[in-house]
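Only one structure is covered here, and it is reproduced in the block below.
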Amino acid sequence: MCGKKSGLVGMVREKMREENCAGELTVYHCIIHQEALCAKALKMEHVMTKVTQVVNFIRAKGLNHRQFKSFLEECGSEYADVLYHTEVRWLSRGKVLNRCFELREEICQFLETKGKDTAELREQKFLCELAFLCDISSHLDALNLQLQGRGRIITDMYAAVRAFKTKLCLWENQMLQGNPCHFPCCQSIKAQISTAVFPCAQFAEKLSVLAAEFSRRFADFDAQKCKFELLSNPFAVDVENAPTNIQMELIELQCNDTLKSKYDAVGAAQFPRFIPDTMPQLRTQAAQMLSMFGSTYLCEQLFSSMKMTKTTHRRRLTDEHLRSILRISSAQSLSPDIDELASKKRCQVSGLESSD
C-alpha cells in the first residue's frame, strides 16, 4: 500500500511539473483514520476482548439472547439488550462499552445463572479499566462525529483535533489530582470503591500516551498551522510571520472594514469568494487550502451509496443509470426543474388505471 501511495504521489508531482503548476504538493493521511488509529495507543484490548466475549455469549445463541432480554425486562432495566461490536464501525466500540457498563450487574447475574465464572467481571481493577475505557471512547466518538459530514474544511477539522489535544492535557492534570470530573463512568466507580484503589496515576499515564500519539500522528498538520490560520482567520494573522509574497495584500485585507464585515457574515469557508482580484496571492493561497481534503469521508460515502444501489436484485441497471443515481445521491443541493422535465416529457405516470 505504501509503495502504491508513493508511486501515485510521484505521478501527481510529475504532472504538476509538466503543467507548470505553482505550489508544493502536500501529502497527509485522512484525519478521521488518524484519529481512529490514535485510540489504539491506549493498549486496553484486554478489556474490549472480555466485553466482546460476554456480548457474543449472550447474542450468538438465540436461546441465551431471548432469556437475557426477558431477564432485563423482569429486572425493570432501562435497557432492553446489549449491542454487537463491529471493528470496522468505529462508533460501535463506545456504544457497546457504555451499554455493558450500564448493565454490568445484570450481565453478571445472568452469566451466573448459566454457570459462568464472573470473578473477573466483578474485580475492582477490571471495573475501573472498563469505566475509563467507556469514558475515553465516548470522548473519541464525539471527536469522530465532529470530523464527519459534508462541508467540513480542513481548518475546521484541524481546529477540532487541536481542541481535543488541549482537552487531553486538562484531563491528565485533573486525573493526577484524583478528579475525573469529565469521566462520568469513572466517577461512578470511584464512588463505589476506595479512593486509594482507583488508579488515577495509571489513567493519567494513559491520557499522556494518547496525547503524545495525537501529536505524533498530526505533526504534519501542525507544520501547516500558519497556512491554516490564513484561511480560518486572516484578520488575526501576524503580518510579520506571514509569507513575504502575501504580506502587502494581507495588510490591505486587514485594514479593509468592508471585507472584515463580510468575513464575519459568511465565515471562513465562503469568504475567499469575496477576496477582490487585486489580491491574487491571497486568493491563490485560500484556493490551495480549500482544495485540501481533510478526510476520505465523501469518497467512502459515495462508495457506500454505490454498493447499496448496485445490488444483485437490480440486474437491469446500466452504467448510465448508475452515473445518474450517484450524481443525485452525491449532490449537496439539487432541485429538479419540473418545467424542463415536463417540456421534454421525461416523466412517467404509473399506478393509474384508465376508466371508460
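The chains in the C-alpha cells are called A, B, ... from first to last as shown; in each chain the residues are counted from 1, and the ligands are counted from 1 in the order shown.
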If we count only C-alpha atoms and set the cut-off at 9 Å, which residues sit around Lys227 (chain A), ignoring sequence neighbours fewer than 5 positions away in its own chain? Please answer as an NGL selection string. :A and (232 or 242 or 285-286 or 289)
Please dump the current selection as a PDB file, in the first residue's frame; keep C-alpha atoms.
ATOM      1  CA  SER A 232      -9.511  30.346   9.194  1.00  0.00           C
ATOM      2  CA  ALA A 242       3.179  35.553   7.058  1.00  0.00           C
ATOM      3  CA  GLN A 285      -3.438  30.805  -1.011  1.00  0.00           C
ATOM      4  CA  ALA A 286      -7.098  30.409   0.012  1.00  0.00           C
ATOM      5  CA  MET A 289      -6.215  25.471   1.374  1.00  0.00           C
TER       6      MET A 289
END
Residue set, region 40-231 of chain A restricted to alpha helix (DSSP H), as a PyMOL selection string: chain A and resi 45-60+62-75+90-102+104-113+119-122+124-147+154-176+184-192+200-217+219-222+225-231
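Among the candidates A:Lys165, A:Arg99, A:Lys50, A:Lys190, the residue lying nearest to Asp81 (chain A) is A:Arg99 (atoms considered: only C-alpha atoms).
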Surrounding residues of Asn144 (chain A) excluding itself and chain neighbours under 5 positions, 10 Å, only C-alpha atoms, as a short mmCIF file (atom, residue, chain, number, x, y, z; two decimals) with N, CA and C atoms, in the first residue's frame:
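Final output, around04.cif:
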data_model
loop_
_atom_site.label_atom_id
_atom_site.label_comp_id
_atom_site.auth_asym_id
_atom_site.auth_seq_id
_atom_site.Cartn_x
_atom_site.Cartn_y
_atom_site.Cartn_z
N ILE A 31 -7.70 12.49 8.23
CA ILE A 31 -7.76 12.89 9.63
C ILE A 31 -8.63 11.93 10.45
N ILE A 32 -9.73 11.48 9.90
CA ILE A 32 -10.62 10.57 10.64
C ILE A 32 -9.93 9.24 10.89
N HIS A 33 -9.21 8.73 9.89
CA HIS A 33 -8.47 7.48 10.08
C HIS A 33 -7.37 7.66 11.13
N GLU A 35 -7.36 9.70 13.64
CA GLU A 35 -7.99 9.76 14.97
C GLU A 35 -8.33 8.36 15.47
N ALA A 36 -8.82 7.49 14.58
CA ALA A 36 -9.15 6.12 14.97
C ALA A 36 -7.90 5.33 15.35
N TRP A 90 -16.32 2.26 13.80
CA TRP A 90 -15.57 2.80 14.94
C TRP A 90 -16.48 3.25 16.07
N LEU A 91 -17.64 3.81 15.74
CA LEU A 91 -18.51 4.35 16.79
C LEU A 91 -19.21 3.25 17.58
N SER A 138 -16.08 7.45 24.62
CA SER A 138 -17.16 8.42 24.37
C SER A 138 -16.59 9.75 23.88
N HIS A 139 -15.49 10.18 24.49
CA HIS A 139 -14.85 11.43 24.06
C HIS A 139 -14.29 11.30 22.63
N MET A 157 -11.46 20.93 10.78
CA MET A 157 -11.09 19.61 11.30
C MET A 157 -9.82 19.70 12.14
N ALA A 160 -10.64 21.11 15.50
CA ALA A 160 -11.26 20.13 16.39
C ALA A 160 -10.20 19.21 17.01
N VAL A 161 -9.21 18.81 16.23
CA VAL A 161 -8.14 17.95 16.75
C VAL A 161 -7.30 18.71 17.77
#
Give me the residues near Phe274 (chain A) as a PyMOL selection string, where near means some atom within 12 Å (using only C-alpha atoms) and where sequence neighbours in that chain fewer than 6 positions away do not count. chain A and resi 253+258-263+265-268+280+282-283+286
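Every protein or nucleic acid residue with an atom no more than 7 Å from region 208-219 of chain A, counting only C-alpha atoms and leaving out same-chain residues fewer than 2 positions away, appears here: Gln34, Cys38, Ala41, Leu42, Lys165, Leu168, Glu172, Ala204, Glu205, Lys206, Phe221, Asp222 and Ala223 of chain A.
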Do you have the CA of Phe198 (chain A)-CA of Thr49 (chain A) distance handy? 21.8 Å
Nearby residues (only C-alpha atoms) at most 8 Å from region 298-311 of chain A, same-chain spacing under 3 positions excluded, as a ChimeraX atom specification: /A:149-150,295,314-315,317,322,326,329-330
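Each of A:Leu130, A:Ile189, A:Ala60, A:Met292 was compared to His29 (chain A) using only C-alpha atoms, and A:Met292 turns out to be the nearest.
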Tell me, in Å to one decimal, how far CA of Asn245 (chain A) is from CA of Asp277 (chain A). 15.5 Å
Applying 12 Å and only C-alpha atoms, which residues near Asn256 (chain A) remain after dropping the ones on its own chain fewer than 6 positions away? List them as a PyMOL selection string. chain A and resi 234-235+249-250+262-263+275-276
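Between CA of Ala131 (chain A) and CA of Lys40 (chain A) lies a distance of 16.9 Å.
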